[in-house]
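Below is entry.csv, which holds CSV, C-alpha atoms and all ligand atoms.
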chain,number,residue,atom,x,y,z
A,1,MET,CA,69.8,82.9,131.1
A,2,LYS,CA,70.0,80.3,128.5
A,3,LEU,CA,70.7,82.9,125.8
A,4,PHE,CA,73.5,84.3,128.0
A,5,SER,CA,75.3,81.0,128.3
A,6,PHE,CA,74.8,80.3,124.6
A,7,ILE,CA,76.6,83.6,123.9
A,8,THR,CA,79.4,82.8,126.3
A,9,PHE,CA,79.7,79.4,124.6
A,10,ILE,CA,80.0,81.0,121.1
A,11,LEU,CA,82.5,83.6,122.4
A,12,THR,CA,84.7,80.8,123.8
A,13,ILE,CA,84.6,78.9,120.5
A,14,VAL,CA,85.5,82.1,118.7
A,15,GLN,CA,88.3,82.7,121.1
A,16,VAL,CA,89.8,79.3,120.7
A,17,THR,CA,89.5,79.0,116.9
A,18,VAL,CA,90.5,82.6,116.1
A,19,GLY,CA,92.8,83.2,119.0
A,20,LEU,CA,95.0,80.2,118.5
A,21,PRO,CA,96.6,81.3,115.3
A,22,PHE,CA,97.9,84.3,117.1
A,23,VAL,CA,100.0,82.2,119.5
A,24,SER,CA,102.7,82.1,116.9
A,25,ARG,CA,104.7,78.9,116.8
A,26,ARG,CA,108.2,78.7,115.5
A,27,VAL,CA,110.1,75.8,114.0
A,28,LEU,CA,113.7,75.7,115.3
A,29,GLN,CA,116.6,73.6,114.0
A,30,LEU,CA,118.9,72.9,117.0
A,31,SER,CA,121.3,70.7,115.1
A,32,GLU,CA,121.5,69.1,111.7
A,33,ASP,CA,119.1,66.4,112.8
A,34,THR,CA,117.1,68.0,115.7
A,35,THR,CA,114.1,70.2,114.9
A,36,ILE,CA,111.6,71.4,117.5
A,37,THR,CA,108.4,73.5,117.4
A,38,VAL,CA,107.8,76.0,120.2
A,39,PRO,CA,105.7,79.0,121.0
A,40,GLU,CA,107.5,82.2,119.9
A,41,TYR,CA,108.2,83.3,123.6
A,42,GLU,CA,110.2,80.0,124.1
A,43,LYS,CA,112.9,81.3,121.7
A,44,LEU,CA,114.0,83.9,124.2
A,45,SER,CA,114.4,81.4,127.1
A,46,LEU,CA,116.4,79.1,124.8
A,47,LEU,CA,118.7,82.0,123.8
A,48,ARG,CA,119.1,83.0,127.5
A,49,LYS,CA,120.3,79.4,128.2
A,50,GLY,CA,122.8,79.7,125.4
A,51,VAL,CA,121.0,77.4,123.0
A,52,ARG,CA,121.6,78.4,119.4
A,53,PHE,CA,119.3,77.5,116.5
A,54,ILE,CA,118.2,78.3,113.0
A,55,ASP,CA,114.6,79.5,112.9
A,56,ILE,CA,113.3,77.8,109.8
A,57,THR,CA,109.6,78.6,110.3
A,58,GLU,CA,109.3,80.7,107.1
A,59,HIS,CA,111.1,78.1,105.0
A,60,VAL,CA,109.5,74.9,106.2
A,61,GLU,CA,107.8,73.1,103.3
A,62,LEU,CA,104.8,70.9,103.7
A,63,PRO,CA,106.1,67.3,103.7
A,64,PHE,CA,103.9,66.5,100.7
A,65,PHE,CA,105.5,69.2,98.6
A,66,ASN,CA,109.0,69.0,100.0
A,67,LYS,CA,111.3,68.5,97.1
A,68,ARG,CA,114.3,70.1,98.7
A,69,PRO,CA,116.5,68.2,101.2
A,70,GLU,CA,116.7,69.8,104.7
A,71,ASN,CA,120.4,70.7,104.2
A,72,LYS,CA,122.0,70.9,100.8
A,73,VAL,CA,125.4,69.5,100.1
A,74,VAL,CA,128.2,72.1,99.9
A,75,PRO,CA,130.4,71.5,96.8
A,76,THR,CA,134.2,71.6,97.1
A,77,TYR,CA,135.9,74.4,95.2
A,78,LYS,CA,139.6,74.8,94.6
A,79,TYR,CA,140.6,78.1,96.2
A,80,PRO,CA,143.9,79.9,95.7
A,81,ALA,CA,146.8,78.1,97.3
A,82,LEU,CA,149.0,81.2,97.3
A,83,VAL,CA,148.4,84.9,97.6
A,84,SER,CA,149.2,86.7,94.4
A,85,ASN,CA,148.2,90.3,95.0
A,86,ASP,CA,150.2,91.2,98.0
A,87,GLN,CA,151.3,94.7,96.8
A,88,ILE,CA,147.7,95.7,96.1
A,89,VAL,CA,146.4,94.4,99.4
A,90,GLN,CA,149.3,95.9,101.3
A,91,LYS,CA,148.6,99.3,99.9
A,92,LEU,CA,144.9,99.0,100.7
A,93,ILE,CA,145.4,97.9,104.3
A,94,ASP,CA,147.9,100.7,104.9
A,95,ASN,CA,144.9,103.0,104.3
A,96,ILE,CA,142.6,101.5,106.9
A,97,ASP,CA,141.1,104.4,108.8
A,98,LYS,CA,140.5,103.5,112.4
A,99,HIS,CA,139.1,106.9,113.2
A,100,SER,CA,136.4,106.4,110.6
A,101,MET,CA,135.7,103.0,112.0
A,102,TYR,CA,135.3,104.6,115.5
A,103,ASP,CA,133.0,107.3,114.2
A,104,ASN,CA,130.8,104.7,112.4
A,105,LEU,CA,130.6,102.5,115.4
A,106,ALA,CA,129.9,105.4,117.7
A,107,LYS,CA,126.9,106.4,115.5
A,108,PHE,CA,125.7,102.8,115.0
A,109,THR,CA,125.7,102.1,118.8
A,110,SER,CA,123.9,105.3,119.5
A,111,PHE,CA,120.6,103.7,118.4
A,112,TYR,CA,118.9,102.6,121.7
A,113,THR,CA,118.7,99.1,120.3
A,114,ARG,CA,118.9,97.5,116.8
A,115,TYR,CA,116.4,94.9,117.7
A,116,TYR,CA,115.0,93.6,114.4
A,117,LYS,CA,111.3,94.2,115.4
A,118,SER,CA,111.8,97.7,116.7
A,119,GLU,CA,111.4,101.2,115.2
A,120,TYR,CA,115.0,101.8,116.3
A,121,GLY,CA,116.2,98.8,114.4
A,122,TYR,CA,114.5,100.2,111.3
A,123,GLN,CA,116.2,103.6,111.9
A,124,SER,CA,119.6,102.0,112.3
A,125,ALA,CA,119.1,100.2,109.0
A,126,GLN,CA,118.3,103.4,107.3
A,127,TRP,CA,121.4,105.1,108.7
A,128,LEU,CA,123.5,102.1,107.6
A,129,GLU,CA,122.0,102.2,104.1
A,130,GLN,CA,122.7,105.9,103.8
A,131,LYS,CA,126.3,105.4,105.0
A,132,ILE,CA,126.8,102.7,102.4
A,133,GLN,CA,125.3,105.0,99.7
A,134,ASN,CA,127.8,107.7,100.7
A,135,ILE,CA,130.8,105.3,100.7
A,136,THR,CA,129.9,103.8,97.3
A,137,SER,CA,128.6,107.0,95.6
A,138,GLY,CA,131.6,107.2,93.2
A,139,LEU,CA,130.7,104.0,91.3
A,140,PRO,CA,127.9,104.0,88.6
A,141,GLU,CA,124.8,102.0,89.3
A,142,LYS,CA,125.6,99.7,86.4
A,143,VAL,CA,128.6,98.5,88.5
A,144,LEU,CA,127.4,98.8,92.1
A,145,THR,CA,123.9,98.5,93.6
A,146,VAL,CA,122.7,98.9,97.1
A,147,GLU,CA,119.4,97.0,97.7
A,148,ARG,CA,117.0,96.6,100.6
A,149,PHE,CA,116.1,93.0,101.2
A,150,SER,CA,112.8,93.1,103.0
A,151,HIS,CA,111.5,90.5,105.5
A,152,ASN,CA,108.3,89.8,107.5
A,153,TRP,CA,109.5,92.3,110.2
A,154,LYS,CA,110.5,95.9,110.3
A,155,GLN,CA,114.3,95.9,109.9
A,156,TYR,CA,115.5,95.1,106.4
A,157,SER,CA,118.8,93.5,105.3
A,158,ILE,CA,121.1,95.4,102.9
A,159,ILE,CA,122.8,93.9,99.9
A,160,VAL,CA,125.7,95.7,98.2
A,161,LYS,CA,126.6,94.2,94.9
A,162,ILE,CA,129.6,94.9,92.7
A,163,GLU,CA,128.8,93.1,89.5
A,164,GLY,CA,131.6,90.9,88.1
A,165,SER,CA,133.0,91.9,84.7
A,166,GLU,CA,133.7,88.3,83.4
A,167,THR,CA,132.1,85.7,85.6
A,168,PRO,CA,129.3,87.6,87.3
A,169,ASP,CA,127.5,84.3,88.2
A,170,ASP,CA,130.3,83.4,90.6
A,171,ILE,CA,129.4,85.4,93.8
A,172,ILE,CA,131.7,86.1,96.8
A,173,VAL,CA,129.9,87.3,99.9
A,174,MET,CA,131.3,89.2,102.9
A,175,GLY,CA,128.7,89.1,105.7
A,176,SER,CA,127.9,90.6,109.1
A,177,HIS,CA,124.7,91.3,111.0
A,178,GLN,CA,123.3,94.7,111.8
A,179,ASP,CA,120.8,93.8,114.5
A,180,SER,CA,121.5,93.7,118.2
A,181,MET,CA,119.4,92.3,121.1
A,182,ASN,CA,119.1,92.6,124.8
A,183,LEU,CA,118.4,89.1,126.0
A,184,ILE,CA,116.6,90.2,129.2
A,185,LEU,CA,113.9,92.2,127.6
A,186,PRO,CA,114.6,92.8,123.9
A,187,SER,CA,111.6,95.2,123.3
A,188,VAL,CA,112.3,97.3,126.4
A,189,LEU,CA,116.0,97.4,127.3
A,190,ALA,CA,118.9,99.0,125.4
A,191,ALA,CA,121.2,96.9,123.3
A,192,PRO,CA,124.2,99.0,122.0
A,193,GLY,CA,125.6,95.8,120.4
A,194,ALA,CA,129.1,97.4,119.9
A,195,ASP,CA,130.9,94.1,119.6
A,196,ASP,CA,127.9,92.0,118.5
A,197,ASP,CA,127.8,92.9,115.8
A,198,GLY,CA,128.5,96.6,115.4
A,199,SER,CA,132.2,95.6,115.1
A,200,GLY,CA,131.7,93.2,112.2
A,201,THR,CA,129.5,95.8,110.5
A,202,VAL,CA,132.1,98.6,110.6
A,203,THR,CA,134.8,96.0,109.8
A,204,ASN,CA,133.0,95.3,106.5
A,205,LEU,CA,132.1,99.0,105.9
A,206,GLU,CA,135.8,100.0,106.1
A,207,ALA,CA,136.7,97.2,103.7
A,208,LEU,CA,134.0,98.2,101.3
A,209,ARG,CA,135.1,101.9,101.5
A,210,LEU,CA,138.7,100.9,100.5
A,211,TYR,CA,137.6,98.5,97.9
A,212,VAL,CA,135.4,101.1,96.2
A,213,GLU,CA,138.3,103.6,96.3
A,214,TYR,CA,140.5,101.0,94.7
A,215,PHE,CA,138.2,100.4,91.8
A,216,LEU,CA,137.6,104.1,91.3
A,217,LYS,CA,141.4,104.5,90.9
A,218,LYS,CA,141.9,101.4,88.8
A,219,GLY,CA,138.8,101.9,86.7
A,220,GLN,CA,138.3,98.1,86.5
A,221,ARG,CA,135.9,95.8,88.3
A,222,PRO,CA,136.5,92.3,89.8
A,223,LYS,CA,135.9,89.4,87.4
A,224,ASN,CA,133.6,87.7,89.9
A,225,THR,CA,130.7,89.4,91.6
A,226,VAL,CA,131.5,90.7,95.1
A,227,GLU,CA,128.7,91.3,97.5
A,228,PHE,CA,128.6,92.8,101.0
A,229,HIS,CA,125.6,91.6,103.1
A,230,PHE,CA,124.3,93.4,106.2
A,231,TYR,CA,121.8,90.9,107.7
A,232,SER,CA,118.9,91.7,109.9
A,233,ALA,CA,117.7,89.4,112.7
A,234,GLU,CA,120.7,87.2,113.2
A,235,GLU,CA,120.0,87.2,116.9
A,236,ALA,CA,116.6,85.6,116.5
A,237,GLY,CA,117.9,82.4,114.8
A,238,LEU,CA,119.7,83.6,111.6
A,239,LEU,CA,116.3,84.8,110.2
A,240,GLY,CA,117.6,87.5,107.9
A,241,SER,CA,120.5,85.5,106.3
A,242,LEU,CA,118.3,82.4,106.0
A,243,ASP,CA,115.8,84.5,104.0
A,244,VAL,CA,118.6,85.8,101.8
A,245,PHE,CA,120.4,82.6,101.1
A,246,THR,CA,117.2,80.6,100.7
A,247,HIS,CA,116.2,83.1,98.1
A,248,TYR,CA,119.6,82.8,96.4
A,249,SER,CA,119.3,79.1,96.3
A,250,THR,CA,115.8,79.3,94.9
A,251,GLU,CA,117.0,81.6,92.2
A,252,ASN,CA,119.9,79.1,91.4
A,253,LYS,CA,122.5,81.7,92.3
A,254,ARG,CA,126.0,80.4,92.9
A,255,VAL,CA,127.7,81.7,96.0
A,256,VAL,CA,131.3,80.4,95.7
A,257,ALA,CA,132.5,81.8,99.0
A,258,MET,CA,130.9,83.4,102.1
A,259,LEU,CA,132.9,84.9,104.9
A,260,GLN,CA,131.2,86.1,108.1
A,261,GLN,CA,132.4,88.7,110.5
A,262,ASP,CA,130.6,88.6,113.8
A,263,MET,CA,132.3,90.1,116.9
A,264,THR,CA,135.7,91.5,115.8
A,265,GLY,CA,136.6,94.0,118.5
A,266,TYR,CA,137.1,92.4,121.9
A,267,VAL,CA,140.6,91.4,123.1
A,268,GLN,CA,140.6,89.6,126.5
A,269,ASP,CA,144.3,89.3,126.8
A,270,PRO,CA,146.4,91.7,124.7
A,271,LYS,CA,149.6,89.7,125.3
A,272,TYR,CA,148.1,86.8,123.3
A,273,GLU,CA,146.1,88.7,120.7
A,274,HIS,CA,144.8,86.5,117.9
A,275,VAL,CA,141.8,85.9,115.8
A,276,GLY,CA,139.6,82.8,116.1
A,277,LEU,CA,139.1,80.7,113.0
A,278,VAL,CA,135.9,78.7,113.3
A,279,THR,CA,136.3,75.1,112.2
A,280,ASP,CA,132.9,73.6,113.0
A,281,TYR,CA,129.9,74.0,110.6
A,282,THR,CA,132.2,75.8,108.2
A,283,THR,CA,133.8,74.7,104.9
A,284,GLU,CA,137.3,73.4,105.3
A,285,ALA,CA,138.7,74.4,101.9
A,286,LEU,CA,137.5,78.0,102.4
A,287,THR,CA,138.8,78.1,106.0
A,288,ASN,CA,142.2,76.9,104.7
A,289,PHE,CA,142.1,79.8,102.2
A,290,VAL,CA,141.4,82.2,105.1
A,291,LYS,CA,144.4,80.8,107.0
A,292,LEU,CA,146.5,81.8,104.0
A,293,ILE,CA,145.1,85.4,104.1
A,294,ILE,CA,145.8,85.7,107.8
A,295,ASP,CA,149.3,84.4,107.5
A,296,ALA,CA,150.0,86.8,104.6
A,297,TYR,CA,148.5,90.0,105.8
A,298,LEU,CA,147.8,90.1,109.6
A,299,SER,CA,150.2,91.1,112.4
A,300,ILE,CA,148.6,88.5,114.7
A,301,PRO,CA,148.0,84.7,114.3
A,302,TYR,CA,144.9,82.7,114.2
A,303,ILE,CA,143.8,80.0,116.7
A,304,GLU,CA,141.3,77.3,115.5
A,305,THR,CA,138.1,77.2,117.5
A,306,GLU,CA,134.6,75.9,117.5
A,307,CYS,CA,131.4,77.9,118.2
A,308,GLY,CA,128.6,75.4,117.8
A,309,TYR,CA,125.6,74.9,115.6
A,310,ALA,CA,124.0,78.1,114.1
A,311,CYS,CA,126.4,80.4,115.9
A,312,SER,CA,126.2,83.0,113.1
A,313,ASP,CA,125.0,83.7,109.6
A,314,HIS,CA,127.5,81.5,107.8
A,315,GLY,CA,125.1,78.7,109.0
A,316,SER,CA,122.4,80.0,106.6
A,317,ALA,CA,124.9,79.8,103.7
A,318,THR,CA,126.1,76.3,104.3
A,319,LYS,CA,122.5,75.1,104.9
A,320,ASN,CA,121.7,76.3,101.3
A,321,GLY,CA,124.8,74.6,99.8
A,322,PHE,CA,127.2,77.5,99.8
A,323,PRO,CA,130.7,77.3,101.2
A,324,ALA,CA,131.3,79.5,104.2
A,325,ALA,CA,133.9,80.5,106.7
A,326,PHE,CA,133.8,82.5,109.9
A,327,VAL,CA,136.5,84.5,111.7
A,328,ILE,CA,135.7,85.7,115.2
A,329,GLU,CA,137.7,88.0,117.6
A,330,SER,CA,139.4,85.2,119.4
A,331,GLU,CA,139.0,81.6,120.4
A,332,PHE,CA,135.4,81.1,121.5
A,333,SER,CA,136.1,80.8,125.2
A,334,LYS,CA,137.8,84.2,125.2
A,335,THR,CA,135.2,86.2,123.3
A,336,SER,CA,133.3,89.1,125.0
A,337,LYS,CA,131.0,88.2,127.8
A,338,TYR,CA,129.2,91.5,127.6
A,339,ILE,CA,127.2,90.8,124.5
A,340,HIS,CA,123.4,90.8,124.6
A,341,THR,CA,123.5,93.3,127.5
A,342,THR,CA,123.6,97.1,128.0
A,343,MET,CA,127.3,96.6,128.7
A,344,ASP,CA,128.3,95.7,125.1
A,345,THR,CA,129.8,99.2,124.5
A,346,LEU,CA,132.5,100.5,122.3
A,347,ASP,CA,134.9,101.5,125.1
A,348,ARG,CA,135.5,97.8,125.7
A,349,LEU,CA,136.8,97.3,122.2
A,350,SER,CA,140.1,97.5,120.3
A,351,PHE,CA,140.0,99.3,116.9
A,352,ASP,CA,143.5,97.8,116.2
A,353,HIS,CA,141.9,94.4,116.5
A,354,MET,CA,138.9,95.4,114.3
A,355,ALA,CA,141.4,96.7,111.7
A,356,GLU,CA,143.0,93.2,111.7
A,357,HIS,CA,139.7,91.8,110.7
A,358,THR,CA,139.3,94.4,108.0
A,359,LYS,CA,142.6,93.1,106.6
A,360,ILE,CA,141.1,89.6,106.3
A,361,VAL,CA,138.1,91.0,104.3
A,362,ILE,CA,140.3,93.1,102.0
A,363,GLY,CA,142.7,90.3,101.4
A,364,SER,CA,139.9,87.9,100.7
A,365,ILE,CA,138.0,90.0,98.2
A,366,ILE,CA,141.2,91.1,96.3
A,367,GLU,CA,142.5,87.5,96.1
A,368,LEU,CA,139.0,86.0,95.3
A,369,GLY,CA,137.7,88.8,93.1
A,370,ASP,CA,139.6,87.6,90.0
A,371,TRP,CA,140.0,84.0,91.0
A,372,LYS,CA,138.7,81.4,88.5
A,373,PHE,CA,136.7,78.8,90.3
A,374,ALA,CA,137.1,75.2,89.7
A,375,GLU,CA,135.1,72.5,91.4
A,376,LEU,CA,136.9,69.5,92.7
A,377,LYS,CA,135.2,66.2,91.7
A,378,ASN,CA,135.3,63.7,94.5
B,401,LIG,C1,125.9,111.2,103.5
B,401,LIG,O1,126.3,112.3,102.8
B,401,LIG,C2,125.5,113.5,103.0
B,401,LIG,C3,126.1,114.5,102.1
B,401,LIG,O2,127.4,114.7,102.2
B,401,LIG,C4,125.4,113.9,104.4
B,401,LIG,O3,124.6,115.0,104.6
B,401,LIG,C5,124.9,112.7,105.3
B,401,LIG,O4,124.9,113.0,106.6
B,401,LIG,C6,125.7,111.5,105.0
B,401,LIG,N1,125.1,110.4,105.7
B,401,LIG,C7,125.8,109.5,106.4
B,401,LIG,C8,124.9,108.4,107.0
B,401,LIG,O5,126.9,109.5,106.6
B,402,ZN,ZN,126.3,88.2,116.6

Since I need it in another form, could you write the structure as C-alpha cells?
Ligand SMILES: *[C@@H]1O[C@H](CO)[C@@H](O)[C@H](O)[C@H]1NC(C)=O
Ligand SMILES: [Zn+2]
Amino acid sequence: MKLFSFITFILTIVQVTVGLPFVSRRVLQLSEDTTITVPEYEKLSLLRKGVRFIDITEHVELPFFNKRPENKVVPTYKYPALVSNDQIVQKLIDNIDKHSMYDNLAKFTSFYTRYYKSEYGYQSAQWLEQKIQNITSGLPEKVLTVERFSHNWKQYSIIVKIEGSETPDDIIVMGSHQDSMNLILPSVLAAPGADDDGSGTVTNLEALRLYVEYFLKKGQRPKNTVEFHFYSAEEAGLLGSLDVFTHYSTENKRVVAMLQQDMTGYVQDPKYEHVGLVTDYTTEALTNFVKLIIDAYLSIPYIETECGYACSDHGSATKNGFPAAFVIESEFSKTSKYIHTTMDTLDRLSFDHMAEHTKIVIGSIIELGDWKFAELKN
C-alpha cells in the first residue's frame, strides 16, 4: 500500500517535471511595445479573433545576453524619383501570361492545405521549388541560385537569388508567403488559400519568369542582388520570414528594399478596381517609390490603406531594420472575406488584377535592379 502510493507520487513528480516542457509556450509581439507569453493553442484563438502578432519565440534572447534592441531602426534610403526604364518594363509586362498564372494557381491550390506543419505543406513547397527550378533553368548557377531555408517545422521557405554584378551587397527582396491555413481546424480541414497567398505566390512567379527571360536575352545581370522569397508559416505569426530576416540581420546583410505581395487577386467592386498601398508599419520612402511604379505602369490606381501590426511578412523585414512596403489587392476593408476557410478558391479571383500586381513587381525590380543606393543622413 505504502509502496503503491510512493510510486504514484514519483509518477506525478515525473509527469509534472517532464510533462511541462511539452506544453509549448509562445512569445507573441502584439504591437511594438506589447509582448505576451501564451500556450501554443492560444495562438489559434487569437488569430480567430483577428488579432495579428509576430511570434518571436525562436528569437527571444535571454535578457542577460540581450545585446540587440527589440526593433531595429530602419535607415532612410533615397529611391528613384522618376522611372527611367519604361520601354523595358512595358515590353516585359506586355508578355505577362495570365494562362500560366492560372495553371500555377490551379496546381498550387490543389494541395489539400499548405499548412506549415503538414505533410501537404511540405509537398506544396516541393512543387513550388521544382516550378522555380524550371522557370529559372536557363541561368547558370553562378548567377542564379534556388535555396531551401529550413525551419523548426516541416515546410521550408525558398530563396531565389540573382547575384548582382556590381553591388551584390545591396539586396532587393520580392516577398510572398506559400503557406495557407484553415482557422477552424488547421490540421484537419482544407485550406486552398487561393487568394491568401497563392495569388501573391503566382504574382511573383510570373514576374520571376519574365525577369529571367529578360536576362537570358540581354545577357547581363542587375547591378544589385535581386531575390525572390517564398516564405513558410506567415499565418502562424510571420514565423518563416522572421527566421529569414533575423538570419540576414545576424549575417550583416543589407536589404535595401523589401516588397511584399500578400492577397493580389480579389476584386470586390470591379467598377472601382484599385490596389491597396499599405501605409502603416511600412517604410514611407519605399512606399512613395511604389506609388511611382503604380502611376507609371498600372491601368488602375492605388488607394492608401492600413492593415495593422504584423499583417504580413514585411513586418519581419522592418523589425530587423530593413525598409519594406506592402501592396494588397484593395483597401483593407474591401479585401476577400473568404480567406482562412475552404472558400478561398481560385474561381473568386481576377487574373487581370493579379497581372496588375505582377506589373508592380516587374517595374520595381527593373527600376531598383541598377539603382545606386544612397542613404539620407538625418
Ligand atoms: C519541370 O520540368 C520537367 C521537365 O520538363 C517536368 O517534367 C516537370 O513536371 C516540371 N515541374 C513543374 C513543377 O513544373
Ligand atoms: Zn497572407

Distance query Leu189 (chain A) at most 9 Å, all atoms listed in the file, self and fewer than 4 positions along chain excluded, as a VMD selection string = chain A and resid 112 to 113 181 to 185 341 to 342

**OP:** Could you give me, as a VMD selection string, every polymer residue with an atom at most 8 Å away from an atom of ligand ZN 402 (chain B), counting only C-alpha atoms and all ligand atoms?
**Re:** chain A and resid 177 180 196 to 197 234 to 235 262 to 263 311 to 312

**Prompt:** What do you get as a list in words if you pick all residues at most 12 Å from ligand LIG 401 (chain B), counting only C-alpha atoms and all ligand atoms?
**Reply:** Ser100, Asp103, Asn104, Leu105, Lys107, Phe108, Gln123, Ser124, Ala125, Gln126, Trp127, Leu128, Glu129, Gln130, Lys131, Ile132, Gln133, Asn134, Ile135, Thr136, Ser137 and Leu205 of chain A

Could you dump the residues just selected with C-alpha atoms as a PDB file, keeping the file's coordinate frame?
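The file below, again16.pdb, is the result:
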ATOM      1  CA  SER A 100     136.400 106.400 110.600  1.00  0.00           C
ATOM      2  CA  ASP A 103     133.000 107.300 114.200  1.00  0.00           C
ATOM      3  CA  ASN A 104     130.800 104.700 112.400  1.00  0.00           C
ATOM      4  CA  LEU A 105     130.600 102.500 115.400  1.00  0.00           C
ATOM      5  CA  LYS A 107     126.900 106.400 115.500  1.00  0.00           C
ATOM      6  CA  PHE A 108     125.700 102.800 115.000  1.00  0.00           C
ATOM      7  CA  GLN A 123     116.200 103.600 111.900  1.00  0.00           C
ATOM      8  CA  SER A 124     119.600 102.000 112.300  1.00  0.00           C
ATOM      9  CA  ALA A 125     119.100 100.200 109.000  1.00  0.00           C
ATOM     10  CA  GLN A 126     118.300 103.400 107.300  1.00  0.00           C
ATOM     11  CA  TRP A 127     121.400 105.100 108.700  1.00  0.00           C
ATOM     12  CA  LEU A 128     123.500 102.100 107.600  1.00  0.00           C
ATOM     13  CA  GLU A 129     122.000 102.200 104.100  1.00  0.00           C
ATOM     14  CA  GLN A 130     122.700 105.900 103.800  1.00  0.00           C
ATOM     15  CA  LYS A 131     126.300 105.400 105.000  1.00  0.00           C
ATOM     16  CA  ILE A 132     126.800 102.700 102.400  1.00  0.00           C
ATOM     17  CA  GLN A 133     125.300 105.000  99.700  1.00  0.00           C
ATOM     18  CA  ASN A 134     127.800 107.700 100.700  1.00  0.00           C
ATOM     19  CA  ILE A 135     130.800 105.300 100.700  1.00  0.00           C
ATOM     20  CA  THR A 136     129.900 103.800  97.300  1.00  0.00           C
ATOM     21  CA  SER A 137     128.600 107.000  95.600  1.00  0.00           C
ATOM     22  CA  LEU A 205     132.100  99.000 105.900  1.00  0.00           C
TER      23      LEU A 205
END

Listing only residues of region 294-358 of chain A within 12 Å of region 54-60 of chain A, what is the closest atom pair and its distance in Å (to one decimal) for each, using all atoms listed in the file, sorted by chain and residue number ascending, as JSON lines?
{"residue": "A:Gly308", "atom": "CA", "partner": "A:Ile54", "partner_atom": "CA", "distance": 11.8}
{"residue": "A:Tyr309", "atom": "CA", "partner": "A:Ile54", "partner_atom": "CA", "distance": 8.5}
{"residue": "A:Ala310", "atom": "CA", "partner": "A:Ile54", "partner_atom": "CA", "distance": 5.9}
{"residue": "A:Cys311", "atom": "CA", "partner": "A:Ile54", "partner_atom": "CA", "distance": 8.9}
{"residue": "A:Ser312", "atom": "CA", "partner": "A:Ile54", "partner_atom": "CA", "distance": 9.3}
{"residue": "A:Asp313", "atom": "CA", "partner": "A:Ile54", "partner_atom": "CA", "distance": 9.3}
{"residue": "A:His314", "atom": "CA", "partner": "A:Ile54", "partner_atom": "CA", "distance": 11.1}
{"residue": "A:Gly315", "atom": "CA", "partner": "A:Ile54", "partner_atom": "CA", "distance": 8.0}
{"residue": "A:Ser316", "atom": "CA", "partner": "A:Ile54", "partner_atom": "CA", "distance": 7.8}
{"residue": "A:Ala317", "atom": "CA", "partner": "A:Ile54", "partner_atom": "CA", "distance": 11.6}
{"residue": "A:Thr318", "atom": "CA", "partner": "A:Ile54", "partner_atom": "CA", "distance": 11.9}
{"residue": "A:Lys319", "atom": "CA", "partner": "A:Ile54", "partner_atom": "CA", "distance": 9.7}
{"residue": "A:Asn320", "atom": "CA", "partner": "A:His59", "partner_atom": "CA", "distance": 11.4}

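Atom pair CA of Pro168 (chain A) / CA of Ile88 (chain A) has a distance of 21.9 Å (rounded to one decimal).
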
Selection: 9 Å around Leu277 (chain A), all atoms listed in the file, excl. self and same-chain fewer than 6 positions, as a PyMOL selection string = chain A and resi 287+290-291+302-306+325-331

key: Spatial neighbours of Met258 (chain A), 7 Å, only C-alpha atoms, chain gap at least 4 places, as a ChimeraX atom specification   = /A:172-174,314,323-325

Fill in: Surrounding residues of Pro301 (chain A) excluding itself and chain neighbours under 6 positions, 9 Å, only C-alpha atoms, as a VMD selection string
chain A and resid 273 to 276 294 to 295

Would you mind listing what lies within 12 Å of Ile171 (chain A) as an MDAnalysis selection string, with all atoms listed in the file counted and same-chain residues fewer than 3 positions away left out? chainID A and resid 160:168 174 222:229 245 248 252:259 322:323 365 368:373

Measure the distance from CA of Gln220 (chain A) to CA of Asn288 (chain A) in Å and round it to one decimal.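 That distance, rounded to one decimal, is 28.2 Å.
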
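Note that CA of Thr250 (chain A) and CA of Thr145 (chain A) are 20.9 Å apart.
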
One residue among A:Glu375, A:Glu284, A:Asp195, A:Glu213 is nearest to Tyr338 (chain A) when using all atoms listed in the file, and that residue is A:Asp195

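Distance check against Thr282 (chain A) using all atoms listed in the file: of A:Leu238, A:Val74, A:Ala194, A:Val146, the minimum falls on A:Val74.
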
Just checking: using only C-alpha atoms, which residue out of A:Glu61, A:Asp179, A:Asp347, A:Glu356 ends up closest to Thr264 (chain A)?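 Checking each candidate against Thr264 (chain A), we get A:Glu356 as the closest.
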
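If you count all atoms listed in the file and draw a sphere of 10 Å around (150.9, 97.7, 107.8), the protein and nucleic acid residues inside it come out as Gln90, Lys91, Leu92, Ile93, Asp94, Asn95, Ile96, Tyr297, Leu298, Ser299, Glu356 and Lys359 of chain A.
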
Using only C-alpha atoms, pick whichever of A:Leu28, A:Leu239, A:Ala233, A:Ile36 has the shortest atom-to-atom distance to Ser118 (chain A).
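When distances to Ser118 (chain A) are compared using only C-alpha atoms, the smallest one comes from A:Ala233.
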
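In this comparison, which uses only C-alpha atoms, the residue of A:Leu242, A:Val89, A:Ile300, A:Ala236 approaching Ile366 (chain A) most closely is A:Val89.
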
Starting from the sparse input, extend region 218-224 of chain A to N, CA and C atoms and give the output as a JSON list (two decimals), in the coordinates of the input.
[["chain", "number", "residue", "atom", "x", "y", "z"],
["A", 218, "LYS", "N", 141.50, 102.40, 89.84],
["A", 218, "LYS", "CA", 141.90, 101.40, 88.80],
["A", 218, "LYS", "C", 141.03, 101.43, 87.61],
["A", 219, "GLY", "N", 139.79, 101.83, 87.83],
["A", 219, "GLY", "CA", 138.80, 101.90, 86.70],
["A", 219, "GLY", "C", 138.46, 100.53, 86.17],
["A", 220, "GLN", "N", 138.54, 99.50, 87.00],
["A", 220, "GLN", "CA", 138.30, 98.10, 86.50],
["A", 220, "GLN", "C", 137.67, 97.31, 87.65],
["A", 221, "ARG", "N", 136.63, 96.57, 87.31],
["A", 221, "ARG", "CA", 135.90, 95.80, 88.30],
["A", 221, "ARG", "C", 136.53, 94.41, 88.54],
["A", 222, "PRO", "N", 136.09, 93.70, 89.61],
["A", 222, "PRO", "CA", 136.50, 92.30, 89.80],
["A", 222, "PRO", "C", 135.85, 91.45, 88.67],
["A", 223, "LYS", "N", 136.45, 90.31, 88.37],
["A", 223, "LYS", "CA", 135.90, 89.40, 87.40],
["A", 223, "LYS", "C", 134.63, 88.71, 87.93],
["A", 224, "ASN", "N", 134.72, 88.30, 89.20],
["A", 224, "ASN", "CA", 133.60, 87.70, 89.90],
["A", 224, "ASN", "C", 132.73, 88.77, 90.53]]
